[in-house]
$ cat final-v1.txt   # compact mmCIF, C-alpha atoms
# COMPACT_ATOMS: atom_id res chain seq x y z
CA ASP A 1 -38.27 14.45 16.94
CA GLN A 2 -39.90 13.13 20.08
CA GLN A 3 -40.49 9.39 19.82
CA VAL A 4 -42.59 9.17 22.98
CA LYS A 5 -45.55 11.49 23.37
CA GLN A 6 -47.85 12.31 26.23
CA ASN A 7 -50.44 14.64 24.77
CA SER A 8 -52.23 15.53 27.99
CA PRO A 9 -50.17 17.93 30.09
CA SER A 10 -52.56 17.59 33.02
CA LEU A 11 -55.34 15.44 34.43
CA SER A 12 -57.58 16.04 37.42
CA VAL A 13 -59.68 13.29 39.04
CA GLN A 14 -61.68 12.82 42.19
CA GLU A 15 -60.36 10.63 44.97
CA GLY A 16 -61.58 7.06 44.58
CA ARG A 17 -62.15 7.34 40.85
CA ILE A 18 -60.01 5.91 38.06
CA SER A 19 -57.07 7.86 36.60
CA ILE A 20 -56.09 7.00 33.02
CA LEU A 21 -52.84 8.38 31.67
CA ASN A 22 -52.01 7.88 28.02
CA CYS A 23 -48.82 7.63 26.01
CA ASP A 24 -48.07 7.15 22.31
CA TYR A 25 -44.82 6.18 20.63
CA THR A 26 -43.54 6.20 17.08
CA ASN A 27 -40.59 3.79 17.13
CA SER A 28 -41.80 0.23 16.52
CA MET A 29 -38.45 -1.11 17.75
CA PHE A 30 -39.19 -0.17 21.36
CA ASP A 31 -39.45 -3.41 23.34
CA TYR A 32 -39.82 -2.29 26.93
CA PHE A 33 -42.11 0.33 28.37
CA LEU A 34 -42.13 1.96 31.78
CA TRP A 35 -44.01 4.49 33.88
CA TYR A 36 -42.32 6.78 36.36
CA LYS A 37 -43.69 9.13 38.99
CA LYS A 38 -41.98 12.37 39.88
CA TYR A 39 -42.38 14.78 42.76
CA PRO A 40 -40.87 18.30 42.69
CA ALA A 41 -37.15 18.51 43.48
CA GLU A 42 -36.75 14.73 43.30
CA GLY A 43 -35.62 12.29 40.66
CA PRO A 44 -38.24 10.14 38.91
CA THR A 45 -39.10 6.88 40.64
CA PHE A 46 -40.13 3.70 38.89
CA LEU A 47 -43.78 2.70 39.04
CA ILE A 48 -44.53 -0.18 36.67
CA SER A 49 -43.26 -1.65 33.42
CA ILE A 50 -44.33 -3.93 30.60
CA SER A 51 -42.47 -5.92 28.01
CA SER A 52 -43.53 -5.78 24.37
CA ILE A 53 -44.50 -9.46 24.50
CA LYS A 54 -47.31 -8.67 26.96
CA ASP A 55 -50.39 -6.50 26.69
CA LYS A 56 -51.12 -5.99 30.37
CA ASN A 57 -49.25 -5.83 33.64
CA GLU A 58 -50.79 -5.22 37.03
CA ASP A 59 -49.29 -4.19 40.36
CA GLY A 60 -51.77 -3.36 43.09
CA ARG A 61 -53.71 -0.24 42.12
CA PHE A 62 -51.61 0.27 38.98
CA THR A 63 -52.18 -1.44 35.64
CA VAL A 64 -50.35 -0.75 32.41
CA PHE A 65 -51.88 -1.69 29.07
CA LEU A 66 -49.93 -1.96 25.82
CA ASN A 67 -51.46 -1.86 22.36
CA LYS A 68 -48.59 -2.51 19.98
CA SER A 69 -50.60 -2.17 16.80
CA ALA A 70 -51.68 1.32 17.85
CA LYS A 71 -48.29 2.12 19.42
CA HIS A 72 -50.14 3.17 22.54
CA LEU A 73 -49.85 2.47 26.23
CA SER A 74 -51.86 3.60 29.17
CA LEU A 75 -51.59 3.61 32.95
CA HIS A 76 -54.70 3.01 35.03
CA ILE A 77 -54.76 3.91 38.71
CA VAL A 78 -57.73 2.53 40.65
CA PRO A 79 -58.75 3.85 43.08
CA SER A 80 -56.94 7.17 42.84
CA GLN A 81 -55.63 8.67 46.08
CA PRO A 82 -54.50 12.23 46.89
CA GLY A 83 -50.96 10.88 47.40
CA ASP A 84 -50.92 9.88 43.74
CA SER A 85 -50.76 13.57 42.78
CA ALA A 86 -47.47 13.95 40.87
CA VAL A 87 -46.08 14.17 37.36
CA TYR A 88 -46.16 10.84 35.51
CA PHE A 89 -43.71 10.06 32.72
CA CYS A 90 -43.94 7.19 30.30
CA ALA A 91 -40.72 5.81 28.85
CA ALA A 92 -39.83 3.40 26.07
CA SER A 93 -36.62 1.53 25.52
CA GLU A 94 -34.85 -0.07 22.56
CA ASP A 95 -31.68 -1.90 23.62
CA ASN A 96 -30.24 0.62 26.08
CA ASP A 97 -31.71 3.74 24.50
CA MET A 98 -34.51 4.92 26.83
CA ARG A 99 -36.73 7.83 25.81
CA PHE A 100 -39.31 9.71 27.85
CA GLY A 101 -42.49 11.60 27.17
CA ALA A 102 -43.16 15.15 28.29
CA GLY A 103 -45.13 14.05 31.35
CA THR A 104 -48.70 14.39 32.63
CA ARG A 105 -49.43 16.19 35.89
CA LEU A 106 -52.04 14.23 37.81
CA THR A 107 -54.05 15.94 40.53
CA VAL A 108 -56.28 13.81 42.72
CA LYS A 109 -58.80 15.89 44.61
CA PRO A 110 -60.08 14.76 48.04
CA ASN B 111 -27.40 2.14 50.13
CA ALA B 112 -26.78 5.35 48.18
CA GLY B 113 -28.09 4.30 44.72
CA VAL B 114 -27.30 7.07 42.22
CA THR B 115 -25.41 10.09 43.51
CA GLN B 116 -25.08 13.32 41.54
CA THR B 117 -22.84 16.26 42.36
CA PRO B 118 -23.27 19.16 42.60
CA LYS B 119 -26.94 19.67 43.43
CA PHE B 120 -26.94 23.32 42.34
CA GLN B 121 -24.61 25.33 40.10
CA VAL B 122 -24.58 28.78 38.55
CA LEU B 123 -22.26 29.33 35.60
CA LYS B 124 -21.41 32.31 33.46
CA THR B 125 -21.79 31.97 29.71
CA GLY B 126 -18.66 30.39 28.29
CA GLN B 127 -17.55 28.69 31.49
CA SER B 128 -17.01 24.95 31.62
CA MET B 129 -17.98 22.40 34.21
CA THR B 130 -18.39 18.70 34.79
CA LEU B 131 -21.40 17.08 36.38
CA GLN B 132 -20.51 13.94 38.29
CA CYS B 133 -22.60 10.79 38.65
CA ALA B 134 -21.84 7.58 40.48
CA GLN B 135 -23.90 4.46 41.13
CA ASP B 136 -23.22 1.65 43.57
CA MET B 137 -25.63 -0.95 42.17
CA ASN B 138 -23.21 -2.54 39.67
CA HIS B 139 -25.45 -1.46 36.79
CA ASN B 140 -24.18 -1.71 33.24
CA SER B 141 -26.11 1.16 31.66
CA MET B 142 -26.00 4.81 32.66
CA TYR B 143 -27.76 7.88 31.30
CA TRP B 144 -27.81 11.65 31.34
CA TYR B 145 -31.11 13.48 30.83
CA ARG B 146 -32.15 17.09 30.99
CA GLN B 147 -35.59 18.20 32.12
CA ASP B 148 -37.11 21.40 30.81
CA PRO B 149 -40.67 22.70 31.33
CA GLY B 150 -43.06 21.13 28.82
CA MET B 151 -40.29 18.99 27.30
CA GLY B 152 -40.13 16.14 29.75
CA LEU B 153 -36.88 14.24 30.11
CA ARG B 154 -34.67 14.39 27.05
CA LEU B 155 -31.79 11.97 26.62
CA ILE B 156 -28.41 13.63 26.19
CA TYR B 157 -26.04 10.65 26.18
CA TYR B 158 -26.07 7.12 27.44
CA SER B 159 -23.52 4.40 28.09
CA ALA B 160 -24.54 0.77 27.65
CA SER B 161 -21.38 -0.51 29.31
CA GLU B 162 -17.99 0.62 30.54
CA GLY B 163 -16.03 2.09 27.67
CA THR B 164 -19.00 2.83 25.40
CA THR B 165 -21.08 5.96 24.95
CA ASP B 166 -23.85 6.91 22.52
CA LYS B 167 -25.65 10.10 21.63
CA GLY B 168 -29.24 10.63 22.60
CA GLU B 169 -31.74 13.24 21.43
CA VAL B 170 -29.90 16.41 22.46
CA PRO B 171 -26.11 15.76 22.58
CA ASN B 172 -24.90 19.07 21.12
CA GLY B 173 -22.84 21.11 23.55
CA TYR B 174 -22.09 18.16 25.82
CA ASN B 175 -19.45 15.49 26.21
CA VAL B 176 -19.47 12.42 28.43
CA SER B 177 -17.00 10.03 29.97
CA ARG B 178 -17.71 6.56 31.32
CA LEU B 179 -14.75 6.51 33.65
CA ASN B 180 -15.47 3.04 34.99
CA LYS B 181 -18.55 0.96 35.68
CA ARG B 182 -19.58 3.20 38.60
CA GLU B 183 -19.07 6.68 37.17
CA PHE B 184 -20.51 8.59 34.22
CA SER B 185 -19.69 12.28 33.93
CA LEU B 186 -21.24 15.01 31.78
CA ARG B 187 -19.12 17.96 30.65
CA LEU B 188 -20.19 21.33 29.35
CA GLU B 189 -17.19 22.82 27.56
CA SER B 190 -18.63 26.30 26.97
CA ALA B 191 -21.90 26.81 28.82
CA ALA B 192 -24.76 28.65 27.11
CA PRO B 193 -28.01 30.02 28.60
CA SER B 194 -29.91 27.36 26.59
CA GLN B 195 -28.25 24.76 28.81
CA THR B 196 -30.03 26.08 31.88
CA SER B 197 -31.94 23.02 33.02
CA VAL B 198 -32.26 20.29 35.61
CA TYR B 199 -29.95 17.39 34.82
CA PHE B 200 -30.64 13.83 35.90
CA CYS B 201 -28.33 10.86 35.87
CA ALA B 202 -29.79 7.34 35.87
CA SER B 203 -28.59 3.76 35.82
CA THR B 204 -30.14 0.40 35.00
CA PRO B 205 -28.95 -3.21 34.89
CA GLY B 206 -30.57 -3.44 31.46
CA PHE B 207 -34.13 -4.31 30.40
CA ALA B 208 -35.35 -3.16 33.76
CA GLU B 209 -36.28 0.00 35.55
CA ALA B 210 -33.79 2.84 35.81
CA PHE B 211 -32.83 4.45 39.10
CA PHE B 212 -32.39 8.20 39.09
CA GLY B 213 -30.29 10.61 41.06
CA GLN B 214 -31.72 13.65 42.79
CA GLY B 215 -30.80 16.00 39.96
CA THR B 216 -28.48 18.96 39.38
CA ARG B 217 -30.11 22.35 38.90
CA LEU B 218 -27.87 24.33 36.54
CA THR B 219 -28.33 28.00 35.71
CA VAL B 220 -26.23 29.65 33.01
CA VAL B 221 -26.27 33.45 33.12
$ encode --input "final-v1.txt" --output "structure tokens"
Amino acid sequence: DQQVKQNSPSLSVQEGRISILNCDYTNSMFDYFLWYKKYPAEGPTFLISISSIKDKNEDGRFTVFLNKSAKHLSLHIVPSQPGDSAVYFCAASEDNDMRFGAGTRLTVKP
Amino acid sequence: NAGVTQTPKFQVLKTGQSMTLQCAQDMNHNSMYWYRQDPGMGLRLIYYSASEGTTDKGEVPNGYNVSRLNKREFSLRLESAAPSQTSVYFCASTPGFAEAFFGQGTRLTVV
């Protein structure tokens, strides 16, 4: 039973526009949420995180929003760049148990 | 600064063979993880270790065993490999309540 869900397998956006990646979770005990980026043949690399006591965290072009009542988080990338093309995973953690979604493949077209 | 190192990078096994995947981190992290990545399934947690001497099951522990040998090393053992265990395996570590650092992965094929 997957506790973290990314329902969009792929997303395509134009360079310069906003990319919005979504993630839902079922376990209300998750208290830390993260986004990772992955290129082929490499391990995932950390992008941005948010604690359950916050509803927004920003780092440059990347912003993560958390809606605890809806058990939903999203990653906004503005403006999107071709180098952002990769698979994005959301993750949620309770104590040391960290679960991942299935990933969304983002393609940013020049 | 090596981070998380996994060995081997590639492995082909015959059904029924056993092997151990090795993982070591040099960041003095408390928590370590093993995940498998399959198409359309994302990263699924096999086992994790919150600290030296402790291990816990994740989502898909069947067919695997782990050992947290010391704070640096966390190994994953397949006792009798099956084709369903063909996957890419990732080891990760984290100091706790922070981002995890991943290794480069082990691509395992069971024929």
$ closest_atom_pairs --input "final-v1.txt" --of "chain B" --to "chain A" --cutoff "10 Å" --atoms "only C-alpha atoms" --output "JSON lines"
{"residue": "B:Val114", "atom": "CA", "partner": "A:Gly43", "partner_atom": "CA", "distance": 9.9}
{"residue": "B:Asn140", "atom": "CA", "partner": "A:Asn96", "partner_atom": "CA", "distance": 9.7}
{"residue": "B:Ser141", "atom": "CA", "partner": "A:Asn96", "partner_atom": "CA", "distance": 7.0}
{"residue": "B:Met142", "atom": "CA", "partner": "A:Asn96", "partner_atom": "CA", "distance": 8.9}
{"residue": "B:Tyr143", "atom": "CA", "partner": "A:Met98", "partner_atom": "CA", "distance": 8.6}
{"residue": "B:Tyr145", "atom": "CA", "partner": "A:Arg99", "partner_atom": "CA", "distance": 9.4}
{"residue": "B:Gln147", "atom": "CA", "partner": "A:Ala102", "partner_atom": "CA", "distance": 9.0}
{"residue": "B:Asp148", "atom": "CA", "partner": "A:Ala102", "partner_atom": "CA", "distance": 9.1}
{"residue": "B:Pro149", "atom": "CA", "partner": "A:Ala102", "partner_atom": "CA", "distance": 8.5}
{"residue": "B:Gly150", "atom": "CA", "partner": "A:Ala102", "partner_atom": "CA", "distance": 6.0}
{"residue": "B:Met151", "atom": "CA", "partner": "A:Ala102", "partner_atom": "CA", "distance": 4.9}
{"residue": "B:Gly152", "atom": "CA", "partner": "A:Ala102", "partner_atom": "CA", "distance": 3.5}
{"residue": "B:Leu153", "atom": "CA", "partner": "A:Phe100", "partner_atom": "CA", "distance": 5.6}
{"residue": "B:Arg154", "atom": "CA", "partner": "A:Phe100", "partner_atom": "CA", "distance": 6.6}
{"residue": "B:Leu155", "atom": "CA", "partner": "A:Arg99", "partner_atom": "CA", "distance": 6.5}
{"residue": "B:Tyr157", "atom": "CA", "partner": "A:Asp97", "partner_atom": "CA", "distance": 9.1}
{"residue": "B:Tyr158", "atom": "CA", "partner": "A:Asp97", "partner_atom": "CA", "distance": 7.2}
{"residue": "B:Ser159", "atom": "CA", "partner": "A:Asn96", "partner_atom": "CA", "distance": 8.0}
{"residue": "B:Ala160", "atom": "CA", "partner": "A:Asn96", "partner_atom": "CA", "distance": 5.9}
{"residue": "B:Ser161", "atom": "CA", "partner": "A:Asn96", "partner_atom": "CA", "distance": 9.5}
{"residue": "B:Asp166", "atom": "CA", "partner": "A:Asp97", "partner_atom": "CA", "distance": 8.7}
{"residue": "B:Lys167", "atom": "CA", "partner": "A:Asp97", "partner_atom": "CA", "distance": 9.2}
{"residue": "B:Gly168", "atom": "CA", "partner": "A:Asp97", "partner_atom": "CA", "distance": 7.6}
{"residue": "B:Glu169", "atom": "CA", "partner": "A:Asp1", "partner_atom": "CA", "distance": 8.0}
{"residue": "B:Val198", "atom": "CA", "partner": "A:Ala41", "partner_atom": "CA", "distance": 9.4}
{"residue": "B:Tyr199", "atom": "CA", "partner": "A:Gly43", "partner_atom": "CA", "distance": 9.6}
{"residue": "B:Phe200", "atom": "CA", "partner": "A:Gly43", "partner_atom": "CA", "distance": 7.1}
{"residue": "B:Cys201", "atom": "CA", "partner": "A:Gly43", "partner_atom": "CA", "distance": 8.8}
{"residue": "B:Ala202", "atom": "CA", "partner": "A:Gly43", "partner_atom": "CA", "distance": 9.0}
{"residue": "B:Thr204", "atom": "CA", "partner": "A:Asn96", "partner_atom": "CA", "distance": 8.9}
{"residue": "B:Pro205", "atom": "CA", "partner": "A:Asn96", "partner_atom": "CA", "distance": 9.7}
{"residue": "B:Gly206", "atom": "CA", "partner": "A:Asn96", "partner_atom": "CA", "distance": 6.7}
{"residue": "B:Phe207", "atom": "CA", "partner": "A:Tyr32", "partner_atom": "CA", "distance": 7.0}
{"residue": "B:Ala208", "atom": "CA", "partner": "A:Ser49", "partner_atom": "CA", "distance": 8.1}
{"residue": "B:Glu209", "atom": "CA", "partner": "A:Phe46", "partner_atom": "CA", "distance": 6.3}
{"residue": "B:Ala210", "atom": "CA", "partner": "A:Phe46", "partner_atom": "CA", "distance": 7.1}
{"residue": "B:Phe211", "atom": "CA", "partner": "A:Thr45", "partner_atom": "CA", "distance": 6.9}
{"residue": "B:Phe212", "atom": "CA", "partner": "A:Gly43", "partner_atom": "CA", "distance": 5.4}
{"residue": "B:Gly213", "atom": "CA", "partner": "A:Gly43", "partner_atom": "CA", "distance": 5.6}
{"residue": "B:Gln214", "atom": "CA", "partner": "A:Gly43", "partner_atom": "CA", "distance": 4.6}
{"residue": "B:Gly215", "atom": "CA", "partner": "A:Gly43", "partner_atom": "CA", "distance": 6.1}
{"residue": "B:Thr216", "atom": "CA", "partner": "A:Ala41", "partner_atom": "CA", "distance": 9.6}
{"residue": "B:Arg217", "atom": "CA", "partner": "A:Ala41", "partner_atom": "CA", "distance": 9.2}
$ atom_distance --input "final-v1.txt" --atom1 "atom CA of B:Thr130" --atom2 "atom CA of B:Thr165"
16.3 Å
$ atom_distance --input "final-v1.txt" --atom1 "atom CA of B:Asn138" --atom2 "atom CA of B:Ala112"
12.1 Å
$ residues_around --input "final-v1.txt" --residues "A:Lys56" --least-positions-apart "5" --cutoff "10 Å" --atoms "only C-alpha atoms" --output "PyMOL selection string"
chain A and resi 49-51+63-67+73-75
$ residues_around --input "final-v1.txt" --residues "B:Thr125" --least-positions-apart "3" --cutoff "8 Å" --atoms "all atoms listed in the file" --output "short mmCIF file (atom, residue, chain, number, x, y, z; two decimals) with C-alpha atoms, in the coordinates of the input"
data_model
loop_
_atom_site.label_atom_id
_atom_site.label_comp_id
_atom_site.auth_asym_id
_atom_site.auth_seq_id
_atom_site.Cartn_x
_atom_site.Cartn_y
_atom_site.Cartn_z
CA SER B 190 -18.63 26.30 26.97
CA ALA B 191 -21.90 26.81 28.82
CA ALA B 192 -24.76 28.65 27.11
CA PRO B 193 -28.01 30.02 28.60
CA VAL B 220 -26.23 29.65 33.01
CA VAL B 221 -26.27 33.45 33.12
#
$ residues_around --input "final-v1.txt" --residues "A:Val13" --least-positions-apart "2" --cutoff "12 Å" --atoms "only C-alpha atoms" --output "mmCIF file with C-alpha atoms, in the frame of the given file"
data_model
loop_
_atom_site.group_PDB
_atom_site.id
_atom_site.type_symbol
_atom_site.label_atom_id
_atom_site.label_comp_id
_atom_site.auth_asym_id
_atom_site.auth_seq_id
_atom_site.Cartn_x
_atom_site.Cartn_y
_atom_site.Cartn_z
ATOM 1 C CA SER A 10 -52.560 17.590 33.020
ATOM 2 C CA LEU A 11 -55.340 15.440 34.430
ATOM 3 C CA GLU A 15 -60.360 10.630 44.970
ATOM 4 C CA GLY A 16 -61.580 7.060 44.580
ATOM 5 C CA ARG A 17 -62.150 7.340 40.850
ATOM 6 C CA ILE A 18 -60.010 5.910 38.060
ATOM 7 C CA SER A 19 -57.070 7.860 36.600
ATOM 8 C CA ILE A 20 -56.090 7.000 33.020
ATOM 9 C CA LEU A 21 -52.840 8.380 31.670
ATOM 10 C CA ILE A 77 -54.760 3.910 38.710
ATOM 11 C CA VAL A 78 -57.730 2.530 40.650
ATOM 12 C CA PRO A 79 -58.750 3.850 43.080
ATOM 13 C CA SER A 80 -56.940 7.170 42.840
ATOM 14 C CA GLN A 81 -55.630 8.670 46.080
ATOM 15 C CA PRO A 82 -54.500 12.230 46.890
ATOM 16 C CA ASP A 84 -50.920 9.880 43.740
ATOM 17 C CA SER A 85 -50.760 13.570 42.780
ATOM 18 C CA ARG A 105 -49.430 16.190 35.890
ATOM 19 C CA LEU A 106 -52.040 14.230 37.810
ATOM 20 C CA THR A 107 -54.050 15.940 40.530
ATOM 21 C CA VAL A 108 -56.280 13.810 42.720
ATOM 22 C CA LYS A 109 -58.800 15.890 44.610
ATOM 23 C CA PRO A 110 -60.080 14.760 48.040
#
$ closest_residue --input "final-v1.txt" --among "B:Ser185, B:Asn180, B:Ser203, B:Asn172" --to "B:Met129" --atoms "all atoms listed in the file"
B:Ser185
$ closest_residue --input "final-v1.txt" --among "B:Arg182, B:Gly163, B:Gln127, B:Pro171" --to "B:His139" --atoms "only C-alpha atoms"
B:Arg182
$ closest_residue --input "final-v1.txt" --among "A:Asp55, A:His76, A:Lys38, A:Ser69" --to "A:Thr26" --atoms "all atoms listed in the file"
A:Ser69
$ atom_distance --input "final-v1.txt" --atom1 "atom CA of B:Glu162" --atom2 "atom CA of B:Trp144"
14.8 Å
$ closest_residue --input "final-v1.txt" --among "B:Val122, B:Met137, B:Val170, B:Leu131" --to "B:Leu186" --atoms "all atoms listed in the file"
B:Leu131
$ decode --input "final-v1.txt" --residues "stretch 201-211 of chain B" --atoms "all heavy atoms" --output "short mmCIF file (atom, residue, chain, number, x, y, z; two decimals), in the first residue's frame"
data_model
loop_
_atom_site.label_atom_id
_atom_site.label_comp_id
_atom_site.auth_asym_id
_atom_site.auth_seq_id
_atom_site.Cartn_x
_atom_site.Cartn_y
_atom_site.Cartn_z
N CYS B 201 21.23 2.69 -1.98
CA CYS B 201 21.49 2.87 -0.57
C CYS B 201 21.48 4.37 -0.28
O CYS B 201 21.88 5.18 -1.14
CB CYS B 201 22.84 2.26 -0.21
SG CYS B 201 23.36 2.51 1.49
N ALA B 202 21.02 4.77 0.90
CA ALA B 202 21.00 6.18 1.26
C ALA B 202 21.33 6.32 2.74
O ALA B 202 21.18 5.36 3.52
CB ALA B 202 19.63 6.78 0.96
N SER B 203 21.75 7.52 3.11
CA SER B 203 21.99 7.80 4.53
C SER B 203 21.52 9.22 4.85
O SER B 203 21.48 10.09 3.96
CB SER B 203 23.46 7.61 4.89
OG SER B 203 24.25 8.67 4.35
N THR B 204 21.19 9.45 6.10
CA THR B 204 20.76 10.76 6.55
C THR B 204 21.12 10.93 8.02
O THR B 204 21.12 9.96 8.77
CB THR B 204 19.25 10.97 6.34
OG1 THR B 204 18.87 12.23 6.91
CG2 THR B 204 18.43 9.88 7.00
N PRO B 205 21.44 12.17 8.44
CA PRO B 205 21.69 12.39 9.86
C PRO B 205 20.41 12.33 10.69
O PRO B 205 20.44 12.24 11.90
CB PRO B 205 22.31 13.79 9.90
CG PRO B 205 21.82 14.46 8.66
CD PRO B 205 21.68 13.39 7.63
N GLY B 206 19.26 12.36 10.01
CA GLY B 206 17.99 12.34 10.70
C GLY B 206 17.28 13.67 10.55
O GLY B 206 17.88 14.71 10.74
N PHE B 207 16.01 13.65 10.18
CA PHE B 207 15.19 14.84 9.97
C PHE B 207 15.90 15.82 9.04
O PHE B 207 15.96 17.02 9.29
CB PHE B 207 14.85 15.52 11.30
CG PHE B 207 13.53 16.24 11.25
CD1 PHE B 207 12.35 15.53 11.25
CD2 PHE B 207 13.47 17.62 11.18
CE1 PHE B 207 11.13 16.17 11.19
CE2 PHE B 207 12.26 18.29 11.12
CZ PHE B 207 11.08 17.57 11.13
N ALA B 208 16.45 15.27 8.00
CA ALA B 208 17.16 16.07 7.01
C ALA B 208 17.22 15.25 5.73
O ALA B 208 16.77 14.12 5.68
CB ALA B 208 18.57 16.41 7.50
N GLU B 209 17.77 15.88 4.70
CA GLU B 209 17.80 15.19 3.42
C GLU B 209 18.69 13.96 3.46
O GLU B 209 19.67 13.91 4.20
CB GLU B 209 18.27 16.12 2.30
CG GLU B 209 19.71 16.57 2.43
CD GLU B 209 19.83 17.87 3.19
OE1 GLU B 209 18.93 18.18 4.00
OE2 GLU B 209 20.81 18.58 2.97
N ALA B 210 18.34 12.97 2.65
CA ALA B 210 19.14 11.77 2.51
C ALA B 210 20.08 11.92 1.33
O ALA B 210 19.77 12.57 0.34
CB ALA B 210 18.24 10.55 2.31
N PHE B 211 21.25 11.30 1.45
CA PHE B 211 22.22 11.25 0.38
C PHE B 211 22.23 9.84 -0.18
O PHE B 211 22.28 8.87 0.60
CB PHE B 211 23.61 11.63 0.91
CG PHE B 211 23.70 13.05 1.37
CD1 PHE B 211 23.25 13.41 2.63
CD2 PHE B 211 24.23 14.02 0.55
CE1 PHE B 211 23.32 14.73 3.06
CE2 PHE B 211 24.32 15.34 0.97
CZ PHE B 211 23.86 15.70 2.22
#
